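So this one's protein-v9.cif, mmCIF, C-alpha atoms:
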```cif
data_input
loop_
_atom_site.group_PDB
_atom_site.id
_atom_site.type_symbol
_atom_site.label_atom_id
_atom_site.label_comp_id
_atom_site.auth_asym_id
_atom_site.auth_seq_id
_atom_site.Cartn_x
_atom_site.Cartn_y
_atom_site.Cartn_z
ATOM 1 C CA MET A 1 -8.356 16.078 23.370
ATOM 2 C CA GLU A 2 -7.466 18.183 20.349
ATOM 3 C CA VAL A 3 -7.790 16.943 16.763
ATOM 4 C CA THR A 4 -5.994 18.774 13.922
ATOM 5 C CA TRP A 5 -6.219 17.883 10.228
ATOM 6 C CA TYR A 6 -3.391 18.416 7.727
ATOM 7 C CA GLY A 7 -5.117 17.224 4.563
ATOM 8 C CA LEU A 8 -5.931 13.831 3.005
ATOM 9 C CA SER A 9 -6.020 11.330 5.908
ATOM 10 C CA CYS A 10 -3.388 12.981 8.111
ATOM 11 C CA PHE A 11 -4.426 14.057 11.615
ATOM 12 C CA ARG A 12 -2.633 14.837 14.847
ATOM 13 C CA ILE A 13 -4.405 13.852 18.055
ATOM 14 C CA ILE A 14 -3.135 15.165 21.380
ATOM 15 C CA GLU A 15 -4.326 14.960 24.972
ATOM 16 C CA ARG A 16 -2.671 16.365 28.061
ATOM 17 C CA GLY A 17 -0.750 13.691 29.946
ATOM 18 C CA MET A 18 -1.133 11.098 27.165
ATOM 19 C CA ILE A 19 0.661 10.212 23.953
ATOM 20 C CA SER A 20 0.276 12.175 20.743
ATOM 21 C CA VAL A 21 -0.612 10.357 17.527
ATOM 22 C CA VAL A 22 -0.198 11.237 13.849
ATOM 23 C CA THR A 23 -2.208 9.254 11.307
ATOM 24 C CA ASP A 24 -1.292 8.650 7.661
ATOM 25 C CA PRO A 25 1.416 11.297 7.076
ATOM 26 C CA TYR A 26 1.712 12.030 3.365
ATOM 27 C CA GLU A 27 4.602 12.884 1.057
ATOM 28 C CA ALA A 28 4.755 16.369 -0.444
ATOM 29 C CA LYS A 29 4.593 14.912 -3.949
ATOM 30 C CA VAL A 30 0.846 14.413 -3.484
ATOM 31 C CA GLY A 31 0.538 18.194 -3.910
ATOM 32 C CA LEU A 32 0.208 19.347 -0.306
ATOM 33 C CA PRO A 33 2.711 21.299 1.845
ATOM 34 C CA ALA A 34 5.528 19.194 3.286
ATOM 35 C CA LEU A 35 4.833 17.887 6.767
ATOM 36 C CA LYS A 36 7.093 18.480 9.775
ATOM 37 C CA LEU A 37 5.201 17.046 12.726
ATOM 38 C CA ARG A 38 6.010 15.662 16.167
ATOM 39 C CA ALA A 39 4.254 12.748 17.788
ATOM 40 C CA ASP A 40 4.865 9.694 19.949
ATOM 41 C CA VAL A 41 3.042 7.256 17.676
ATOM 42 C CA VAL A 42 2.467 7.147 13.906
ATOM 43 C CA THR A 43 -0.170 4.971 12.260
ATOM 44 C CA VAL A 44 -0.175 3.972 8.585
ATOM 45 C CA SER A 45 -3.412 2.698 7.064
ATOM 46 C CA HIS A 46 -1.703 1.365 3.927
ATOM 47 C CA ASP A 47 1.552 1.611 2.015
ATOM 48 C CA ALA A 48 1.052 4.539 -0.380
ATOM 49 C CA PRO A 49 2.699 7.994 -0.706
ATOM 50 C CA GLY A 50 -0.417 9.738 0.586
ATOM 51 C CA HIS A 51 -0.343 7.735 3.808
ATOM 52 C CA ASN A 52 3.076 6.306 4.704
ATOM 53 C CA ASN A 53 5.600 9.140 5.105
ATOM 54 C CA ILE A 54 6.707 8.286 8.634
ATOM 55 C CA LYS A 55 9.927 10.278 8.150
ATOM 56 C CA ALA A 56 7.839 13.461 8.318
ATOM 57 C CA VAL A 57 7.129 12.800 12.009
ATOM 58 C CA LYS A 58 9.858 13.477 14.568
ATOM 59 C CA ILE A 59 10.411 11.590 17.863
ATOM 60 C CA ALA A 60 8.015 8.837 16.858
ATOM 61 C CA GLU A 61 8.693 5.986 19.271
ATOM 62 C CA ARG A 62 6.250 3.572 17.676
ATOM 63 C CA VAL A 63 4.909 2.986 14.176
ATOM 64 C CA ILE A 64 1.703 0.984 13.888
ATOM 65 C CA ASP A 65 1.198 -0.401 10.397
ATOM 66 C CA GLY A 66 -0.273 -3.790 11.232
ATOM 67 C CA PRO A 67 -3.335 -5.106 13.033
ATOM 68 C CA GLY A 68 -3.377 -5.708 16.765
ATOM 69 C CA GLU A 69 -4.251 -4.278 20.145
ATOM 70 C CA TYR A 70 -1.825 -1.866 21.762
ATOM 71 C CA GLU A 71 -1.596 0.083 25.009
ATOM 72 C CA ILE A 72 0.868 2.939 24.725
ATOM 73 C CA GLY A 73 1.176 5.802 27.187
ATOM 74 C CA GLY A 74 -2.294 5.290 28.606
ATOM 75 C CA VAL A 75 -3.970 5.145 25.199
ATOM 76 C CA PHE A 76 -5.588 1.940 23.956
ATOM 77 C CA ILE A 77 -5.239 1.438 20.189
ATOM 78 C CA THR A 78 -7.065 -1.211 18.175
ATOM 79 C CA ALA A 79 -5.860 -1.672 14.593
ATOM 80 C CA ILE A 80 -8.081 -3.712 12.262
ATOM 81 C CA ARG A 81 -7.154 -4.742 8.741
ATOM 82 C CA MET A 82 -9.952 -4.806 6.148
ATOM 83 C CA LYS A 83 -9.563 -6.072 2.611
ATOM 84 C CA SER A 84 -10.156 -3.552 -0.153
ATOM 85 C CA ARG A 85 -12.710 -4.400 -2.812
ATOM 86 C CA SER A 86 -10.057 -3.570 -5.417
ATOM 87 C CA GLU A 87 -7.544 -6.051 -3.977
ATOM 88 C CA LYS A 88 -7.825 -9.462 -5.593
ATOM 89 C CA LYS A 89 -4.566 -11.028 -4.474
ATOM 90 C CA LYS A 90 -4.811 -12.983 -1.228
ATOM 91 C CA GLU A 91 -1.447 -11.690 -0.047
ATOM 92 C CA SER A 92 -2.532 -8.062 -0.306
ATOM 93 C CA LEU A 93 -2.656 -6.432 3.122
ATOM 94 C CA GLY A 94 -5.589 -4.104 2.552
ATOM 95 C CA ASN A 95 -6.608 -1.023 4.504
ATOM 96 C CA MET A 96 -6.099 -0.620 8.254
ATOM 97 C CA LEU A 97 -8.606 1.108 10.516
ATOM 98 C CA CYS A 98 -7.459 2.390 13.916
ATOM 99 C CA VAL A 99 -9.516 3.136 17.007
ATOM 100 C CA PHE A 100 -7.828 5.262 19.685
ATOM 101 C CA ASN A 101 -9.310 5.360 23.180
ATOM 102 C CA TYR A 102 -8.198 8.401 25.149
ATOM 103 C CA GLY A 103 -9.581 8.064 28.653
ATOM 104 C CA GLY A 104 -13.051 7.075 27.517
ATOM 105 C CA VAL A 105 -13.215 9.135 24.305
ATOM 106 C CA SER A 106 -12.774 6.901 21.248
ATOM 107 C CA VAL A 107 -11.600 8.128 17.843
ATOM 108 C CA ALA A 108 -11.850 5.886 14.770
ATOM 109 C CA HIS A 109 -9.630 6.628 11.758
ATOM 110 C CA LEU A 110 -11.025 4.712 8.786
ATOM 111 C CA GLY A 111 -7.996 5.087 6.503
ATOM 112 C CA ASP A 112 -8.817 4.471 2.850
ATOM 113 C CA LEU A 113 -11.915 2.413 3.571
ATOM 114 C CA ASP A 114 -13.532 1.837 0.183
ATOM 115 C CA ALA A 115 -16.620 -0.260 0.917
ATOM 116 C CA VAL A 116 -19.359 -0.299 3.516
ATOM 117 C CA PRO A 117 -18.313 -2.802 6.223
ATOM 118 C CA SER A 118 -20.497 -5.650 7.389
ATOM 119 C CA GLN A 119 -22.366 -5.376 10.667
ATOM 120 C CA GLY A 120 -19.799 -7.699 12.238
ATOM 121 C CA GLN A 121 -16.927 -5.472 11.111
ATOM 122 C CA ILE A 122 -18.701 -2.428 12.495
ATOM 123 C CA GLU A 123 -19.083 -4.201 15.837
ATOM 124 C CA ASP A 124 -15.329 -4.934 15.848
ATOM 125 C CA LEU A 125 -14.733 -1.178 16.033
ATOM 126 C CA GLY A 126 -16.646 -0.930 19.305
ATOM 127 C CA ALA A 127 -18.333 2.288 20.374
ATOM 128 C CA VAL A 128 -17.023 5.261 18.360
ATOM 129 C CA ASP A 129 -17.325 8.840 19.604
ATOM 130 C CA VAL A 130 -15.381 10.606 16.831
ATOM 131 C CA ALA A 131 -15.176 9.149 13.313
ATOM 132 C CA LEU A 132 -12.585 10.349 10.787
ATOM 133 C CA VAL A 133 -14.185 9.296 7.511
ATOM 134 C CA PRO A 134 -12.963 9.422 3.869
ATOM 135 C CA VAL A 135 -15.620 11.117 1.735
ATOM 136 C CA GLY A 136 -14.012 12.137 -1.567
ATOM 137 C CA GLY A 137 -13.911 8.876 -3.499
ATOM 138 C CA GLY A 138 -10.665 8.385 -5.402
ATOM 139 C CA GLY A 139 -10.307 4.767 -4.289
ATOM 140 C CA ALA A 140 -12.014 5.326 -0.939
ATOM 141 C CA LEU A 141 -15.641 5.836 0.103
ATOM 142 C CA SER A 142 -17.929 7.894 -2.114
ATOM 143 C CA PRO A 143 -20.096 10.547 -0.419
ATOM 144 C CA SER A 144 -23.123 8.242 -0.311
ATOM 145 C CA GLU A 145 -21.073 5.314 1.012
ATOM 146 C CA ALA A 146 -19.556 7.553 3.679
ATOM 147 C CA ALA A 147 -23.029 8.608 4.799
ATOM 148 C CA GLU A 148 -24.068 4.947 5.008
ATOM 149 C CA VAL A 149 -21.029 4.034 7.093
ATOM 150 C CA ILE A 150 -21.797 6.889 9.472
ATOM 151 C CA SER A 151 -25.367 5.655 9.885
ATOM 152 C CA LEU A 152 -23.976 2.261 10.926
ATOM 153 C CA ILE A 153 -21.287 3.545 13.295
ATOM 154 C CA GLU A 154 -23.504 6.254 14.842
ATOM 155 C CA PRO A 155 -20.673 8.433 16.183
ATOM 156 C CA SER A 156 -21.211 11.641 18.103
ATOM 157 C CA ILE A 157 -18.850 13.586 15.810
ATOM 158 C CA VAL A 158 -17.862 13.037 12.177
ATOM 159 C CA ILE A 159 -14.840 14.738 10.649
ATOM 160 C CA PRO A 160 -14.628 14.246 6.857
ATOM 161 C CA MET A 161 -11.201 13.572 5.352
ATOM 162 C CA HIS A 162 -9.561 12.385 2.131
ATOM 163 C CA TYR A 163 -11.197 14.923 -0.165
ATOM 164 C CA LYS A 164 -9.844 17.614 -2.462
ATOM 165 C CA THR A 165 -9.083 20.976 -0.894
ATOM 166 C CA GLY A 166 -6.898 22.524 -3.587
ATOM 167 C CA ASN A 167 -3.711 21.221 -5.177
ATOM 168 C CA GLU A 168 -3.822 17.509 -4.371
ATOM 169 C CA ARG A 169 -2.438 15.458 -7.273
ATOM 170 C CA VAL A 170 -4.897 12.658 -6.679
ATOM 171 C CA GLU A 171 -8.350 12.280 -8.151
ATOM 172 C CA LEU A 172 -10.750 13.241 -5.401
ATOM 173 C CA GLY A 173 -14.056 15.021 -5.104
ATOM 174 C CA ASP A 174 -14.446 17.954 -2.760
ATOM 175 C CA VAL A 175 -16.448 17.844 0.459
ATOM 176 C CA SER A 176 -19.637 19.338 -0.994
ATOM 177 C CA GLY A 177 -21.071 16.013 -2.197
ATOM 178 C CA PHE A 178 -20.738 14.512 1.249
ATOM 179 C CA LEU A 179 -22.260 17.545 2.956
ATOM 180 C CA LYS A 180 -25.212 17.322 0.587
ATOM 181 C CA GLU A 181 -25.677 13.650 1.505
ATOM 182 C CA MET A 182 -25.712 14.657 5.177
ATOM 183 C CA GLY A 183 -28.104 17.582 4.599
ATOM 184 C CA ILE A 184 -25.594 20.227 5.654
ATOM 185 C CA GLU A 185 -25.145 23.613 3.994
ATOM 186 C CA LYS A 186 -22.013 25.784 4.152
ATOM 187 C CA PRO A 187 -20.492 24.805 7.499
ATOM 188 C CA GLN A 188 -17.938 27.117 9.081
ATOM 189 C CA PRO A 189 -14.616 25.208 9.022
ATOM 190 C CA LEU A 190 -12.674 25.062 12.289
ATOM 191 C CA GLU A 191 -8.894 25.217 12.667
ATOM 192 C CA SER A 192 -8.992 22.268 15.074
ATOM 193 C CA LEU A 193 -11.487 20.492 17.295
ATOM 194 C CA SER A 194 -11.362 20.118 21.072
ATOM 195 C CA VAL A 195 -13.301 17.126 22.390
ATOM 196 C CA THR A 196 -14.184 16.122 25.936
ATOM 197 C CA LYS A 197 -16.442 13.364 27.169
ATOM 198 C CA SER A 198 -18.961 15.955 28.352
ATOM 199 C CA SER A 199 -19.037 17.655 24.937
ATOM 200 C CA LEU A 200 -20.297 14.539 23.169
ATOM 201 C CA SER A 201 -23.974 14.338 22.252
ATOM 202 C CA ASP A 202 -26.350 11.599 21.151
ATOM 203 C CA GLU A 203 -26.991 13.359 17.835
ATOM 204 C CA THR A 204 -24.308 13.048 15.170
ATOM 205 C CA GLN A 205 -22.540 16.299 14.296
ATOM 206 C CA VAL A 206 -20.420 16.871 11.197
ATOM 207 C CA ILE A 207 -17.385 19.079 11.825
ATOM 208 C CA VAL A 208 -15.368 20.333 8.856
ATOM 209 C CA LEU A 209 -11.749 21.213 9.618
ATOM 210 C CA GLN A 210 -9.554 23.420 7.495
ATOM 211 C CA PRO A 211 -6.140 21.908 6.731
ATOM 212 C CA ALA A 212 -3.355 23.117 8.993
ATOM 213 C CA VAL A 213 0.201 23.614 7.806
ATOM 214 C CA GLY A 214 2.342 20.943 9.408
#
```
Structure re-expressed in structure tokens:
Amino acid sequence: MEVTWYGLSCFRIIERGMISVVTDPYEAKVGLPALKLRADVVTVSHDAPGHNNIKAVKIAERVIDGPGEYEIGGVFITAIRMKSRSEKKKESLGNMLCVFNYGGVSVAHLGDLDAVPSQGQIEDLGAVDVALVPVGGGGALSPSEAAEVISLIEPSIVIPMHYKTGNERVELGDVSGFLKEMGIEKPQPLESLSVTKSSLSDETQVIVLQPAVG
């Protein structure tokens, strides 16, 4: 499996012989380069310009923007809706988390999660090998909250997302606060991450990706 990050909460996940997925494609007006991606499935954590630009993804056969359990092209997808602490209206849909299971390797995309989930909500995610976690605040988890969530999920790999890398027109912190919380100094960013079942370890690793141009 290969995981590529394009900025904010947008990733592309591919695996030979299985479907490709793009998460939370953003609109260029957020301050990042326009996306032109290809994937079989697009997921949208919530309806906002930084997360819902499905038109930027070609050949998408399925858009997942609501909770449920799905099996598409050999990949099992569990989408879970969690209320935001800032949402007071009962009809508000909240933030959607997605867990993708690619042949025994599970990837959890936490969307714009903005509060530490309960133990029961963590258990709903199931076992998580790779966690894509918002760390820059701006309506989502703060660095300290992100670190707490990671301690509850206990993934093998953490990839921080939803933080400021340059010209984003949203109020976000950079990744340094989160790295400090995790006790990590000056990691070498990777262009993308290849993951196999055998490459996973019991000890949590933090992998910083540099944004690709979509």
Fewer than 5 positions away in the same chain doesn't count, so skip those; otherwise give me all residues within 6 Å of segment 71-86 of chain A, counting all atoms listed in the file, as a list in words.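 What passes the distance filter is Met18, Ile19, Gly94, Asn95, Met96, Leu97, Cys98, Val99, Phe100, Asn101 and Tyr102 of chain A.
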So which residues fall inside 8 Å of (3.7, 18.7, 8.9) if we count only C-alpha atoms? Mind giving them as number ranges by chain? A: 6, 25, 33-37, 56-57, 213-214
Gap from atom CA of Arg16 of chain A to atom CA of His51 of chain A - Å, one decimal: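 Interatomic distance here is 25.8 Å.
For the residues A:Leu110, A:Ile207, A:Leu193, A:Val41, ranking by smallest atom-to-atom distance to Val158 of chain A using all atoms listed in the file places A:Ile207 first.
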Going by the chain IDs and residue numbers used in this file, which residues fall under the PyMOL selection byres ((chain A and resi 119) around 12)? Write them as a count of residues only. 15
Where's the centre, and what are the edge lengths in Å to one decimal, of a box along x, y and z enclosing all listed atoms of segment 29-40 of chain A padded 3 Å per side, as lines of an AutoDock Vina configuration file?
```
center_x = 3.7
center_y = 15.5
center_z = 8.0
size_x = 12.9
size_y = 17.6
size_z = 29.9
```
Residues within 9 Å of Glu185 of chain A, only C-alpha atoms, excluding chain neighbours under 4 positions, as a PDB file with C-alpha atoms, in the frame of the given file:
```
ATOM      1  CA  SER A 176     -19.637  19.338  -0.994  1.00  0.00           C
ATOM      2  CA  LEU A 179     -22.260  17.545   2.956  1.00  0.00           C
ATOM      3  CA  LYS A 180     -25.212  17.322   0.587  1.00  0.00           C
TER       4      LYS A 180
END
```
Between A:Gly50, A:Gly136, A:Gly111, A:Pro155, which residue has the minimum interatomic distance to Gly31 of chain A, considering only C-alpha atoms?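 Of A:Gly50, A:Gly136, A:Gly111, A:Pro155, the one nearest Gly31 of chain A is A:Gly50, counting only C-alpha atoms.
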Of the candidates A:Pro49, A:Ile184, A:Ser20, A:Glu203, which shows the shortest atom-to-atom distance to Thr4 of chain A, using all atoms listed in the file?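 Of the candidates, the smallest distance to Thr4 of chain A is held by A:Ser20.
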Can you work out which one of A:Leu132, A:Ala127, A:Leu8, A:Val63 has the shortest atom-to-atom distance to Glu171 of chain A, counting all atoms listed in the file?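 Nearest to Glu171 of chain A: A:Leu8.
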So what do you get for atom CA of Asp174 of chain A versus atom CA of Lys55 of chain A, distance-wise? 27.8 Å
Residue nearest Ile59 of chain A among A:Val22, A:Ala147, A:Leu172, A:Leu32 (counting all atoms listed in the file):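 Answer, going by the shortest atom-to-atom distance: A:Val22.
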Separation of atom CA of Asp112 of chain A and atom CA of Tyr163 of chain A, in Å? 11.1 Å
Which residue out of A:Gly173, A:Pro160, A:Gly166, A:Gly183 has the minimum interatomic distance to Phe11 of chain A when only C-alpha atoms are used?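 Ranking A:Gly173, A:Pro160, A:Gly166, A:Gly183 by distance to Phe11 of chain A, first place goes to A:Pro160.
All protein, DNA and RNA residues at most 6 Å from (-0.5, 18.1, -6.4) are Val30, Gly31, Asn167, Glu168 and Arg169 of chain A, using only C-alpha atoms.
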Serialized segment 59-139 of chain A w/ C-alpha atoms as a PDB file, in the first residue's frame:
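Output saved as part_1.pdb:
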```pdb
ATOM      1  CA  ILE A  59     -13.240   8.376 -12.539  1.00  0.00           C
ATOM      2  CA  ALA A  60     -14.611   8.255  -9.013  1.00  0.00           C
ATOM      3  CA  GLU A  61     -17.235   5.513  -9.049  1.00  0.00           C
ATOM      4  CA  ARG A  62     -18.335   6.015  -5.461  1.00  0.00           C
ATOM      5  CA  VAL A  63     -18.506   8.947  -3.061  1.00  0.00           C
ATOM      6  CA  ILE A  64     -18.776   8.123   0.628  1.00  0.00           C
ATOM      7  CA  ASP A  65     -20.042  11.064   2.656  1.00  0.00           C
ATOM      8  CA  GLY A  66     -22.256   9.254   5.141  1.00  0.00           C
ATOM      9  CA  PRO A  67     -21.821   6.606   7.815  1.00  0.00           C
ATOM     10  CA  GLY A  68     -22.021   2.910   7.045  1.00  0.00           C
ATOM     11  CA  GLU A  69     -20.076  -0.212   6.209  1.00  0.00           C
ATOM     12  CA  TYR A  70     -18.967  -0.739   2.629  1.00  0.00           C
ATOM     13  CA  GLU A  71     -17.096  -3.390   0.664  1.00  0.00           C
ATOM     14  CA  ILE A  72     -15.773  -2.003  -2.597  1.00  0.00           C
ATOM     15  CA  GLY A  73     -13.202  -3.701  -4.801  1.00  0.00           C
ATOM     16  CA  GLY A  74     -11.899  -5.908  -2.016  1.00  0.00           C
ATOM     17  CA  VAL A  75     -11.517  -3.045   0.452  1.00  0.00           C
ATOM     18  CA  PHE A  76     -13.672  -2.863   3.577  1.00  0.00           C
ATOM     19  CA  ILE A  77     -14.587   0.706   4.571  1.00  0.00           C
ATOM     20  CA  THR A  78     -16.219   1.693   7.853  1.00  0.00           C
ATOM     21  CA  ALA A  79     -17.487   5.277   8.044  1.00  0.00           C
ATOM     22  CA  ILE A  80     -18.423   6.607  11.491  1.00  0.00           C
ATOM     23  CA  ARG A  81     -20.055   9.957  12.149  1.00  0.00           C
ATOM     24  CA  MET A  82     -19.005  11.818  15.311  1.00  0.00           C
ATOM     25  CA  LYS A  83     -20.593  15.019  16.535  1.00  0.00           C
ATOM     26  CA  SER A  84     -18.328  18.047  16.742  1.00  0.00           C
ATOM     27  CA  ARG A  85     -18.088  19.863  20.053  1.00  0.00           C
ATOM     28  CA  SER A  86     -18.824  23.091  18.168  1.00  0.00           C
ATOM     29  CA  GLU A  87     -22.068  21.749  16.680  1.00  0.00           C
ATOM     30  CA  LYS A  88     -25.064  22.532  18.856  1.00  0.00           C
ATOM     31  CA  LYS A  89     -27.883  21.843  16.426  1.00  0.00           C
ATOM     32  CA  LYS A  90     -29.217  18.290  16.554  1.00  0.00           C
ATOM     33  CA  GLU A  91     -29.569  18.151  12.781  1.00  0.00           C
ATOM     34  CA  SER A  92     -25.894  18.909  12.214  1.00  0.00           C
ATOM     35  CA  LEU A  93     -24.122  15.943  10.637  1.00  0.00           C
ATOM     36  CA  GLY A  94     -20.742  16.334  12.302  1.00  0.00           C
ATOM     37  CA  ASN A  95     -17.396  14.883  11.285  1.00  0.00           C
ATOM     38  CA  MET A  96     -16.972  11.494   9.604  1.00  0.00           C
ATOM     39  CA  LEU A  97     -14.087   9.150  10.355  1.00  0.00           C
ATOM     40  CA  CYS A  98     -13.222   6.413   7.849  1.00  0.00           C
ATOM     41  CA  VAL A  99     -11.342   3.172   8.404  1.00  0.00           C
ATOM     42  CA  PHE A 100     -10.050   1.414   5.276  1.00  0.00           C
ATOM     43  CA  ASN A 101      -8.978  -2.221   5.503  1.00  0.00           C
ATOM     44  CA  TYR A 102      -6.669  -3.239   2.676  1.00  0.00           C
ATOM     45  CA  GLY A 103      -6.025  -6.951   3.004  1.00  0.00           C
ATOM     46  CA  GLY A 104      -5.352  -6.816   6.724  1.00  0.00           C
ATOM     47  CA  VAL A 105      -3.730  -3.361   6.890  1.00  0.00           C
ATOM     48  CA  SER A 106      -6.151  -0.806   8.352  1.00  0.00           C
ATOM     49  CA  VAL A 107      -5.908   2.949   7.790  1.00  0.00           C
ATOM     50  CA  ALA A 108      -8.012   5.370   9.850  1.00  0.00           C
ATOM     51  CA  HIS A 109      -8.655   8.875   8.491  1.00  0.00           C
ATOM     52  CA  LEU A 110      -9.925  11.021  11.360  1.00  0.00           C
ATOM     53  CA  GLY A 111     -11.211  13.928   9.260  1.00  0.00           C
ATOM     54  CA  ASP A 112     -11.667  17.114  11.272  1.00  0.00           C
ATOM     55  CA  LEU A 113     -11.954  15.337  14.605  1.00  0.00           C
ATOM     56  CA  ASP A 114     -11.977  18.106  17.205  1.00  0.00           C
ATOM     57  CA  ALA A 115     -12.302  16.310  20.542  1.00  0.00           C
ATOM     58  CA  VAL A 116     -10.831  13.232  22.160  1.00  0.00           C
ATOM     59  CA  PRO A 117     -13.299  10.358  21.574  1.00  0.00           C
ATOM     60  CA  SER A 118     -14.676   8.192  24.341  1.00  0.00           C
ATOM     61  CA  GLN A 119     -13.283   4.716  24.885  1.00  0.00           C
ATOM     62  CA  GLY A 120     -16.404   3.292  23.245  1.00  0.00           C
ATOM     63  CA  GLN A 121     -15.894   5.443  20.148  1.00  0.00           C
ATOM     64  CA  ILE A 122     -12.272   4.364  19.954  1.00  0.00           C
ATOM     65  CA  GLU A 123     -13.373   0.726  20.092  1.00  0.00           C
ATOM     66  CA  ASP A 124     -15.785   1.373  17.195  1.00  0.00           C
ATOM     67  CA  LEU A 125     -12.752   2.095  15.010  1.00  0.00           C
ATOM     68  CA  GLY A 126     -11.363  -1.389  15.604  1.00  0.00           C
ATOM     69  CA  ALA A 127      -7.654  -2.113  15.351  1.00  0.00           C
ATOM     70  CA  VAL A 128      -5.827   0.701  13.520  1.00  0.00           C
ATOM     71  CA  ASP A 129      -2.439   0.182  11.876  1.00  0.00           C
ATOM     72  CA  VAL A 130      -2.034   3.610  10.241  1.00  0.00           C
ATOM     73  CA  ALA A 131      -3.700   6.715  11.701  1.00  0.00           C
ATOM     74  CA  LEU A 132      -4.075   9.930   9.688  1.00  0.00           C
ATOM     75  CA  VAL A 133      -4.515  12.497  12.446  1.00  0.00           C
ATOM     76  CA  PRO A 134      -5.281  16.264  12.386  1.00  0.00           C
ATOM     77  CA  VAL A 135      -2.716  18.077  14.536  1.00  0.00           C
ATOM     78  CA  GLY A 136      -2.850  21.785  13.663  1.00  0.00           C
ATOM     79  CA  GLY A 137      -5.920  22.983  15.537  1.00  0.00           C
ATOM     80  CA  GLY A 138      -8.038  25.398  13.517  1.00  0.00           C
ATOM     81  CA  GLY A 139     -11.293  23.670  14.456  1.00  0.00           C
TER      82      GLY A 139
END
```
